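Enquirer: Below is the file model_24.txt, with compact mmCIF, C-alpha atoms and all ligand atoms.
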```
# COMPACT_ATOMS: atom_id res chain seq x y z
CA MET A 1 -27.59 -32.64 51.01
CA SER A 2 -27.12 -32.01 54.70
CA ASN A 3 -29.23 -30.89 57.58
CA LYS A 4 -26.35 -29.03 59.12
CA GLN A 5 -27.40 -25.68 60.50
CA MET A 6 -25.14 -22.81 61.34
CA PRO A 7 -25.03 -21.91 65.05
CA LYS A 8 -26.08 -18.54 66.37
CA GLU A 9 -22.43 -17.44 66.71
CA PHE A 10 -22.04 -17.81 62.97
CA TYR A 11 -24.62 -15.10 62.43
CA THR A 12 -23.31 -12.78 65.13
CA MET A 13 -19.69 -13.08 64.00
CA MET A 14 -20.73 -12.65 60.39
CA GLU A 15 -22.60 -9.47 61.22
CA GLU A 16 -19.65 -8.16 63.19
CA LEU A 17 -17.45 -8.72 60.16
CA GLN A 18 -20.02 -7.14 57.87
CA SER A 19 -20.06 -4.05 60.13
CA ILE A 20 -16.29 -3.60 60.12
CA ASP A 21 -16.11 -4.28 56.41
CA PHE A 22 -18.86 -1.78 55.74
CA VAL A 23 -16.85 0.96 57.45
CA LEU A 24 -13.90 -0.03 55.26
CA VAL A 25 -15.99 0.07 52.06
CA ASP A 26 -17.40 3.50 52.82
CA LEU A 27 -14.00 4.84 53.89
CA THR A 28 -12.48 3.47 50.69
CA LEU A 29 -14.92 5.38 48.49
CA TYR A 30 -14.40 8.48 50.62
CA LEU A 31 -10.61 8.26 50.40
CA ASP A 32 -10.84 7.79 46.63
CA THR A 33 -12.00 11.42 46.49
CA HIS A 34 -10.27 12.65 49.71
CA PRO A 35 -6.74 11.22 49.44
CA ASN A 36 -5.28 13.74 51.91
CA ASP A 37 -7.56 13.16 54.90
CA TYR A 38 -4.94 11.94 57.39
CA LYS A 39 -7.41 11.09 60.15
CA ALA A 40 -9.58 9.03 57.80
CA ILE A 41 -6.52 7.09 56.63
CA GLN A 42 -5.57 6.36 60.25
CA GLN A 43 -9.10 5.11 60.90
CA PHE A 44 -8.91 3.04 57.73
CA ASN A 45 -5.70 1.34 58.82
CA GLU A 46 -7.05 0.62 62.30
CA PHE A 47 -10.18 -1.00 60.89
CA SER A 48 -8.13 -2.88 58.34
CA GLN A 49 -6.15 -4.45 61.18
CA ALA A 50 -9.30 -5.26 63.14
CA ARG A 51 -10.90 -6.94 60.14
CA ARG A 52 -7.84 -9.11 59.62
CA GLN A 53 -8.09 -10.40 63.21
CA LEU A 54 -11.81 -10.99 62.99
CA LYS A 55 -11.45 -12.77 59.64
CA ASN A 56 -8.93 -15.16 61.17
CA GLN A 57 -11.19 -15.88 64.16
CA PHE A 58 -14.17 -16.44 61.88
CA GLU A 59 -12.26 -18.76 59.57
CA GLU A 60 -10.92 -20.87 62.46
CA ARG A 61 -14.50 -21.67 63.39
CA PHE A 62 -16.39 -21.64 60.12
CA GLY A 63 -13.92 -22.20 57.31
CA PRO A 64 -12.38 -20.00 54.63
CA LEU A 65 -14.00 -16.74 53.52
CA GLN A 66 -11.80 -16.31 50.46
CA GLN A 67 -9.80 -18.59 48.30
CA TYR A 68 -7.09 -18.59 45.66
CA GLY A 69 -4.83 -18.70 48.69
CA ASN A 70 -6.21 -15.70 50.52
CA SER A 71 -7.37 -18.07 53.28
CA TYR A 72 -5.81 -21.23 54.72
CA SER A 73 -7.51 -24.55 54.13
CA ASN A 74 -8.37 -27.38 56.50
CA TYR A 75 -8.08 -31.02 55.50
CA PRO A 76 -10.10 -32.00 53.55
CA TRP A 77 -10.54 -28.94 51.33
CA ASN A 78 -13.43 -27.06 52.91
CA TRP A 79 -13.83 -24.02 50.67
CA ASN A 80 -16.77 -25.51 48.80
CA GLU A 81 -18.74 -26.51 51.86
CA SER A 82 -22.22 -25.05 52.27
CA PRO A 83 -23.67 -22.71 53.18
CA TRP A 84 -22.99 -20.12 50.52
CA PRO A 85 -23.96 -16.53 51.28
CA TRP A 86 -27.40 -16.69 49.68
CA GLN A 87 -28.25 -19.90 51.55
CA ILE A 88 -27.63 -18.85 55.14
CA MET B 1 -33.89 26.26 57.94
CA LYS B 2 -37.26 25.76 59.56
CA ASN B 3 -39.46 22.84 58.50
CA PHE B 4 -36.81 21.53 56.18
CA THR B 5 -37.65 18.17 54.64
CA HIS B 6 -36.05 15.93 52.03
CA LYS B 7 -39.51 14.94 50.87
CA LYS B 8 -40.83 17.53 48.45
CA THR B 9 -44.36 17.90 47.16
CA TYR B 10 -46.15 19.38 44.19
CA HIS B 11 -49.75 19.70 43.10
CA PRO B 12 -50.45 18.65 39.53
CA TYR B 13 -53.11 20.34 37.43
CA ILE B 14 -56.44 18.56 37.77
CA SER B 15 -58.82 18.47 34.83
CA PRO B 16 -62.53 17.75 35.20
CA LEU B 17 -61.97 15.30 32.34
CA ASP B 18 -59.38 13.18 34.22
CA PRO B 19 -60.79 9.65 34.45
CA CYS B 20 -59.05 8.52 37.66
CA PRO B 21 -59.78 10.11 41.05
CA PRO B 22 -57.10 12.81 41.35
CA ILE B 23 -54.02 12.45 43.52
CA ARG B 24 -53.79 16.06 44.66
CA THR B 25 -50.35 15.95 46.21
CA LYS B 26 -47.40 14.19 44.57
CA THR B 27 -44.09 13.67 46.36
CA TYR B 28 -40.46 13.11 45.45
CA SER B 29 -37.16 12.70 47.30
CA THR B 30 -34.29 15.16 47.41
CA PRO B 31 -31.78 13.20 49.53
CA PRO B 32 -29.16 15.02 51.62
CA HIS B 33 -26.24 14.50 49.24
CA LEU B 34 -27.89 16.94 46.84
CA TYR B 35 -27.16 19.69 49.36
CA MET B 36 -23.68 18.60 50.45
CA GLY B 37 -21.27 19.64 47.71
CA PHE B 38 -17.77 18.22 48.22
CA GLN B 39 -17.89 16.36 51.53
CA PRO B 40 -15.95 18.23 54.23
CA GLU B 41 -13.57 16.34 56.53
CA ASN B 42 -14.47 15.13 60.04
CA LEU B 43 -18.21 14.76 59.60
CA GLU B 44 -19.95 12.89 62.39
CA GLN B 45 -20.01 9.12 61.94
CA PHE B 46 -22.22 6.23 63.01
CA ASN B 47 -20.59 3.40 64.93
CA PRO B 48 -19.89 0.35 62.70
CA ARG B 49 -23.06 -1.53 63.62
CA GLU B 50 -25.27 1.52 63.07
CA ALA B 51 -23.42 2.38 59.87
CA LEU B 52 -24.14 -1.03 58.36
CA GLN B 53 -27.78 -0.72 59.35
CA ALA B 54 -27.98 2.81 57.92
CA GLY B 55 -26.06 2.11 54.72
CA THR B 56 -23.75 5.06 55.33
CA LEU B 57 -20.84 5.74 57.66
CA TRP B 58 -21.68 9.44 57.84
CA LYS B 59 -24.85 10.61 59.54
CA ALA B 60 -25.24 13.52 57.14
CA PHE B 61 -26.16 11.17 54.27
CA TYR B 62 -28.70 9.13 56.21
CA ASP B 63 -32.08 9.25 54.48
CA PRO B 64 -34.20 6.18 55.29
CA TYR B 65 -37.09 5.52 52.93
CA TYR B 66 -40.19 3.69 54.15
CA GLY B 67 -43.07 2.42 52.07
CA PRO B 68 -46.74 3.26 52.67
CA LYS B 69 -47.30 -0.24 54.10
CA GLU B 70 -44.63 0.16 56.76
CA LYS B 71 -46.45 1.50 59.78
CA GLY B 72 -45.05 3.26 62.79
CA ARG B 73 -41.92 4.67 61.21
CA GLY B 74 -43.42 7.73 59.62
CA PRO B 75 -43.49 8.45 55.91
CA ASN B 76 -40.43 9.03 53.77
CA GLU B 77 -38.64 11.69 55.70
CA MET C 1 -8.34 -9.69 39.23
CA TRP C 2 -11.22 -10.14 41.61
CA ILE C 3 -11.34 -12.17 44.81
CA TYR C 4 -14.68 -13.59 45.88
CA GLU C 5 -15.63 -13.43 49.53
CA LYS C 6 -18.09 -15.93 50.95
CA LYS C 7 -20.19 -13.29 52.67
CA LEU C 8 -22.92 -10.83 51.75
CA GLN C 9 -22.27 -7.12 52.15
CA TYR C 10 -25.40 -6.83 54.26
CA PRO C 11 -27.41 -9.50 56.13
CA VAL C 12 -30.31 -10.04 53.72
CA LYS C 13 -33.51 -11.31 55.28
CA VAL C 14 -36.88 -12.12 53.76
CA ARG C 15 -39.93 -12.79 55.90
CA GLU C 16 -42.08 -14.87 53.60
CA CYS C 17 -42.10 -16.83 50.37
CA ASN C 18 -43.45 -14.26 47.90
CA PRO C 19 -42.66 -14.69 44.19
CA ARG C 20 -44.60 -11.51 43.34
CA LEU C 21 -41.90 -9.41 45.02
CA ALA C 22 -39.21 -11.39 43.19
CA LYS C 23 -40.79 -10.24 39.95
CA TYR C 24 -40.25 -6.58 40.91
CA LEU C 25 -36.73 -7.21 42.16
CA ILE C 26 -35.60 -8.71 38.86
CA GLU C 27 -35.61 -5.10 37.59
CA GLN C 28 -32.55 -4.44 39.75
CA TYR C 29 -30.96 -7.71 38.63
CA GLY C 30 -31.12 -7.43 34.85
CA GLY C 31 -32.79 -4.06 34.19
CA ALA C 32 -31.36 -0.90 32.61
CA ASP C 33 -30.54 0.76 35.95
CA GLY C 34 -29.90 -2.48 37.80
CA GLU C 35 -26.83 -3.63 39.65
CA LEU C 36 -25.37 -5.66 36.78
CA ALA C 37 -25.59 -2.70 34.40
CA ALA C 38 -24.02 -0.46 37.05
CA ALA C 39 -21.09 -2.80 37.73
CA LEU C 40 -20.32 -3.28 34.05
CA ARG C 41 -20.75 0.43 33.26
CA TYR C 42 -18.29 1.66 35.88
CA LEU C 43 -15.67 -1.00 35.35
CA ASN C 44 -15.80 -0.46 31.59
CA GLN C 45 -15.45 3.32 31.83
CA ARG C 46 -12.14 2.98 33.65
CA TYR C 47 -10.17 2.54 30.46
CA THR C 48 -10.98 5.98 29.11
CA ILE C 49 -11.10 8.26 32.14
CA PRO C 50 -8.43 10.38 33.87
CA ASP C 51 -6.30 8.34 36.28
CA LYS C 52 -7.44 10.14 39.39
CA VAL C 53 -10.98 8.70 39.21
CA ILE C 54 -10.09 5.15 38.09
CA GLY C 55 -9.84 3.98 41.70
CA LEU C 56 -13.31 5.27 42.48
CA LEU C 57 -14.84 3.58 39.42
CA THR C 58 -13.08 0.33 40.35
CA ASP C 59 -14.33 0.40 43.92
CA ILE C 60 -17.92 1.42 43.19
CA GLY C 61 -18.08 -1.07 40.30
CA THR C 62 -16.89 -3.79 42.65
CA GLU C 63 -19.43 -2.84 45.31
CA GLU C 64 -22.18 -3.09 42.67
CA PHE C 65 -21.35 -6.80 42.28
CA ALA C 66 -21.92 -7.19 46.02
CA HIS C 67 -25.32 -5.53 45.51
CA LEU C 68 -26.06 -7.87 42.60
CA GLU C 69 -25.45 -10.79 44.94
CA MET C 70 -27.80 -9.25 47.53
CA ILE C 71 -30.57 -8.93 44.92
CA ALA C 72 -29.94 -12.50 43.77
CA THR C 73 -30.20 -13.64 47.39
CA MET C 74 -33.51 -11.82 47.84
CA ILE C 75 -34.95 -13.39 44.66
CA TYR C 76 -33.59 -16.79 45.65
CA LYS C 77 -35.22 -16.63 49.07
CA LEU C 78 -38.52 -15.21 47.80
CA THR C 79 -38.96 -18.01 45.26
CA LYS C 80 -37.00 -20.93 46.73
CA ASP C 81 -39.83 -23.28 47.61
CA ALA C 82 -42.72 -21.54 45.89
CA THR C 83 -45.45 -23.79 44.53
CA PRO C 84 -46.66 -23.61 40.92
CA GLU C 85 -49.88 -22.07 42.29
CA GLN C 86 -47.95 -19.28 43.99
CA LEU C 87 -45.97 -18.66 40.80
CA LYS C 88 -49.19 -18.47 38.81
CA ALA C 89 -50.74 -16.08 41.29
CA ALA C 90 -47.65 -13.88 40.98
CA GLY C 91 -47.97 -13.87 37.20
CA ILE C 92 -44.50 -15.34 36.67
CA GLU C 93 -45.47 -18.83 35.57
CA ASP C 94 -44.26 -18.03 32.02
CA HIS C 95 -40.80 -17.36 33.46
CA TYR C 96 -40.81 -20.73 35.14
CA VAL C 97 -41.96 -22.54 32.01
CA ASN C 98 -38.79 -21.28 30.35
CA HIS C 99 -36.25 -21.06 33.18
CA ASP C 100 -37.77 -22.92 36.13
CA ASN C 101 -36.19 -21.45 39.28
CA ALA C 102 -33.11 -20.18 37.46
CA LEU C 103 -32.33 -16.52 37.81
CA PHE C 104 -32.31 -14.77 34.49
CA TYR C 105 -30.84 -11.38 33.60
CA GLN C 106 -33.98 -9.56 32.53
CA ASN C 107 -36.08 -6.63 33.71
CA ALA C 108 -39.43 -6.75 35.51
CA ALA C 109 -41.24 -6.83 32.15
CA GLY C 110 -39.21 -9.86 31.02
CA VAL C 111 -36.95 -8.01 28.56
CA PRO C 112 -33.51 -9.69 28.49
CA PHE C 113 -30.48 -7.71 29.61
CA THR C 114 -28.73 -5.87 26.79
CA ALA C 115 -25.31 -4.26 26.47
CA SER C 116 -26.99 -1.08 25.26
CA TYR C 117 -27.76 -0.34 28.93
CA ILE C 118 -24.06 0.30 29.43
CA GLN C 119 -23.19 3.80 28.37
CA ALA C 120 -19.63 4.77 27.57
CA LYS C 121 -19.13 8.03 25.72
CA GLY C 122 -15.40 8.35 26.30
CA ASP C 123 -15.89 11.90 27.53
CA PRO C 124 -15.11 11.95 31.27
CA ILE C 125 -17.76 14.53 32.16
CA ALA C 126 -20.47 12.91 30.03
CA ASP C 127 -19.66 9.52 31.54
CA LEU C 128 -19.65 10.74 35.14
CA TYR C 129 -22.96 12.56 34.66
CA GLU C 130 -24.30 9.33 33.20
CA ASP C 131 -23.13 7.57 36.37
CA ILE C 132 -24.76 10.15 38.64
CA ALA C 133 -28.02 9.76 36.71
CA ALA C 134 -27.74 5.96 36.91
CA GLU C 135 -27.36 6.15 40.69
CA GLU C 136 -30.38 8.43 41.06
CA LYS C 137 -32.43 6.15 38.79
CA ALA C 138 -31.44 3.10 40.82
CA ARG C 139 -32.35 5.01 44.00
CA ALA C 140 -35.77 5.77 42.53
CA THR C 141 -36.30 2.13 41.51
CA TYR C 142 -35.62 1.03 45.08
CA GLN C 143 -38.20 3.54 46.29
CA TRP C 144 -40.85 2.15 43.94
CA ILE C 145 -40.08 -1.42 45.00
CA ILE C 146 -40.25 -0.44 48.69
CA ASP C 147 -43.60 1.23 47.97
CA MET C 148 -44.95 -2.02 46.48
CA SER C 149 -43.55 -4.36 49.12
CA ASP C 150 -45.18 -5.39 52.39
CA ASP C 151 -42.22 -7.42 53.63
CA PRO C 152 -40.44 -5.40 56.36
CA ASP C 153 -37.34 -7.60 56.34
CA LEU C 154 -36.96 -7.31 52.58
CA ASN C 155 -37.47 -3.55 52.79
CA ASP C 156 -34.69 -3.33 55.35
CA GLY C 157 -32.24 -4.68 52.77
CA LEU C 158 -33.71 -2.51 50.02
CA ARG C 159 -33.29 0.58 52.20
CA PHE C 160 -29.62 -0.28 52.60
CA LEU C 161 -29.24 -0.56 48.82
CA ARG C 162 -31.07 2.73 48.25
CA GLU C 163 -28.78 4.50 50.73
CA ARG C 164 -25.73 3.13 48.91
CA GLU C 165 -26.97 4.76 45.70
CA ILE C 166 -26.99 8.07 47.55
CA VAL C 167 -23.39 7.63 48.65
CA HIS C 168 -22.31 6.52 45.17
CA SER C 169 -23.99 9.55 43.62
CA GLN C 170 -22.14 11.76 46.11
CA ARG C 171 -18.77 10.26 45.17
CA PHE C 172 -19.41 10.62 41.44
CA ARG C 173 -20.36 14.26 42.02
CA GLU C 174 -17.05 14.71 43.85
CA ALA C 175 -15.25 13.00 40.96
CA VAL C 176 -16.65 15.66 38.62
CA GLU C 177 -15.31 18.35 40.98
CA LEU C 178 -11.88 16.67 41.00
CA LEU C 179 -11.79 16.77 37.20
CA LYS C 180 -12.89 20.41 37.13
CA ASP C 181 -10.26 21.33 39.69
CA GLU C 182 -7.23 19.84 38.04
CA ARG C 183 -5.71 19.56 41.50
CA ASP C 184 -2.63 17.86 40.07
CA ARG C 185 -1.42 21.00 38.45
CA LYS C 186 0.31 23.75 40.39
CA LYS C 187 -1.46 27.01 39.82
CA ILE C 188 0.85 29.61 38.27
CA PHE C 189 0.00 33.22 38.78
FE FE A 201 -24.68 2.18 43.01
```
Represent the structure from my file as structure tokens, please.
Expert:
Amino acid sequence: MSNKQMPKEFYTMMEELQSIDFVLVDLTLYLDTHPNDYKAIQQFNEFSQARRQLKNQFEERFGPLQQYGNSYSNYPWNWNESPWPWQI
Amino acid sequence: MKNFTHKKTYHPYISPLDPCPPIRTKTYSTPPHLYMGFQPENLEQFNPREALQAGTLWKAFYDPYYGPKEKGRGPNE
Amino acid sequence: MWIYEKKLQYPVKVRECNPRLAKYLIEQYGGADGELAAALRYLNQRYTIPDKVIGLLTDIGTEEFAHLEMIATMIYKLTKDATPEQLKAAGIEDHYVNHDNALFYQNAAGVPFTASYIQAKGDPIADLYEDIAAEEKARATYQWIIDMSDDPDLNDGLRFLREREIVHSQRFREAVELLKDERDRKKIF
């Protein structure tokens, strides 16, 4: 459809987000079996805050990451704009 | 533990009647989680970028597996 | 409910168009120990397991869907613009006669996905041991695919997936310990 290409910053910001989110995934599984590890929960909450900020920055530049209202929309509706994750 | 490795070997019985040229040494993986038990608190972590690359936040679970065609990284240690 | 995120869990890269490798990878897409089977197995077991491990099954089951999308991405990239000659050389022309480039839930031998891959015994210990075995089998499958592959970028993503199986196995082993411990109950001496 289009020859639009994502800029280099798209890939670097995406990988930054993937890194933070990976820490959160692995901490989640850990906390599921270690619910009383206070330090790990502190780390989890810090990363959770950092990911929220990074998600907002990413979305301002490249559009929504989630929908059903978990992200804001531009006008016109830009959720279904390419590229999708397997296309990048 | 001296010479500890997560890559174990065994030597299958070889018959003179085996049709294929024998593979004398066979290997298999015993990744680090098999030795961990219940994970203790405060284990050393990778930084986020390294953790994503490694596939684990905790260094103790890191067990990269390389194929025979991947040169220069050593075999499956 | 589930919320989709427009992002892969790990940056999947593939160096060259190679439908032969896609044929191996389909094992982890629609095979017995593949990511779809794993996701459905864990999420389904949640209804008949003690409450203290439901969260873990939910979270690992959800991560498996992220892995399914990574495998789909690898297959998509490996076959995207492959020519009929390349498909023939890879021995997957019969797939393309039936499905063209569509992904299909089947194993590397072309056997369609079946619900009988998804074990649910209703016994918490039996089910968790099943899950541990499933993780180790998926780990082994990734090893065999890495052994067959000569694409370093693809192997990088496969190594990530193999490592995740290790971590999942660890957490399921801990879940068994939690159920043995009965940590909820105050010990009375
Ligand atoms: Fe898994």
Enquirer: Please find the residues of chain B near chain C - the criterion being any atom within 12 Å, counting only C-alpha atoms - and write them as a ChimeraX atom specification.
Expert: /B:27-40,49-73,75-76
Enquirer: Give the answer as one residue: which of C:Gln28, C:Gln45, C:Thr73, C:Thr58 has the shortest atom-to-atom distance to chain A, using all atoms listed in the file?
Expert: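 Looking only at the distances to chain A, the closest residue turns out to be C:Thr73.
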Enquirer: Using all atoms listed in the file and a cut-off of 9 Å, which residues of chain A sit close to chain C? Please list them as a PyMOL selection string.
Expert: chain A and resi 11+14-15+18-19+21-22+25-26+28-33+64-68+70+84-87
Enquirer: What does the distance from atom CA of A:Phe10 to atom CA of C:Asn101 come to in Å, to one decimal?
Expert: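 Answer for the atom CA of A:Phe10 to atom CA of C:Asn101 separation: 27.8 Å.
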Enquirer: Kindly give the distance, in Å, that separates atom CA of C:Ile132 and atom CA of C:Phe65, rounded to a single decimal.
Expert: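 So the answer is 17.7 Å.
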Enquirer: Taking only C-alpha atoms into account, which of A:Pro76, A:Gly63, A:Pro83, A:Pro35 comes nearest chain B?
Expert: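 For chain B, the nearest of the candidates is A:Pro35.
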Enquirer: Find the residue from B:Asn47, B:Thr9, B:Thr25, B:Asn3 that sits nearest to chain A; use all atoms listed in the file when measuring.
Expert: B:Asn47
Enquirer: Would you compute the distance between atom CA of C:Pro50 and atom CA of C:Asp127? Give it in Å to one decimal.
Expert: 11.5 Å
Enquirer: Quick one: of C:Ile92, C:Ala133, C:Leu87, C:Val14, who's nearest to ligand FE 201 (chain A), counting only C-alpha atoms and all ligand atoms?
Expert: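 Nearest candidate to ligand FE 201 (chain A) out of C:Ile92, C:Ala133, C:Leu87, C:Val14: C:Ala133.
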Enquirer: When you count only C-alpha atoms and all ligand atoms, which of these residues is closest to ligand FE 201 (chain A): C:Thr48, C:Thr62, C:Asn98, C:Thr79?
Expert: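 Once distances to ligand FE 201 (chain A) are computed over only C-alpha atoms and all ligand atoms, the minimum belongs to C:Thr62.
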Enquirer: Give me the residues near C:Ala32 as an MDAnalysis selection string, where near means some atom within 8 Å (using all atoms listed in the file) and where sequence neighbours in that chain fewer than 4 positions away do not count.
Expert: chainID C and resid 27 37 107 113 117
Enquirer: For each of A:Met13, A:Ile20, A:Met6, A:Ala50, take the minimum atom-to-atom distance to chain B, counting all atoms listed in the file, then give the residue where this is smallest.
Expert: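 That would be A:Ile20, the residue with the smallest distance to chain B.
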Enquirer: Please identify all polymer residues within 9 Å of C:Gly91, counting all atoms listed in the file, omitting same-chain residues fewer than 6 positions from it, and present them as JSON, numbers by chain.
Expert: {"C": [19, 20, 23]}
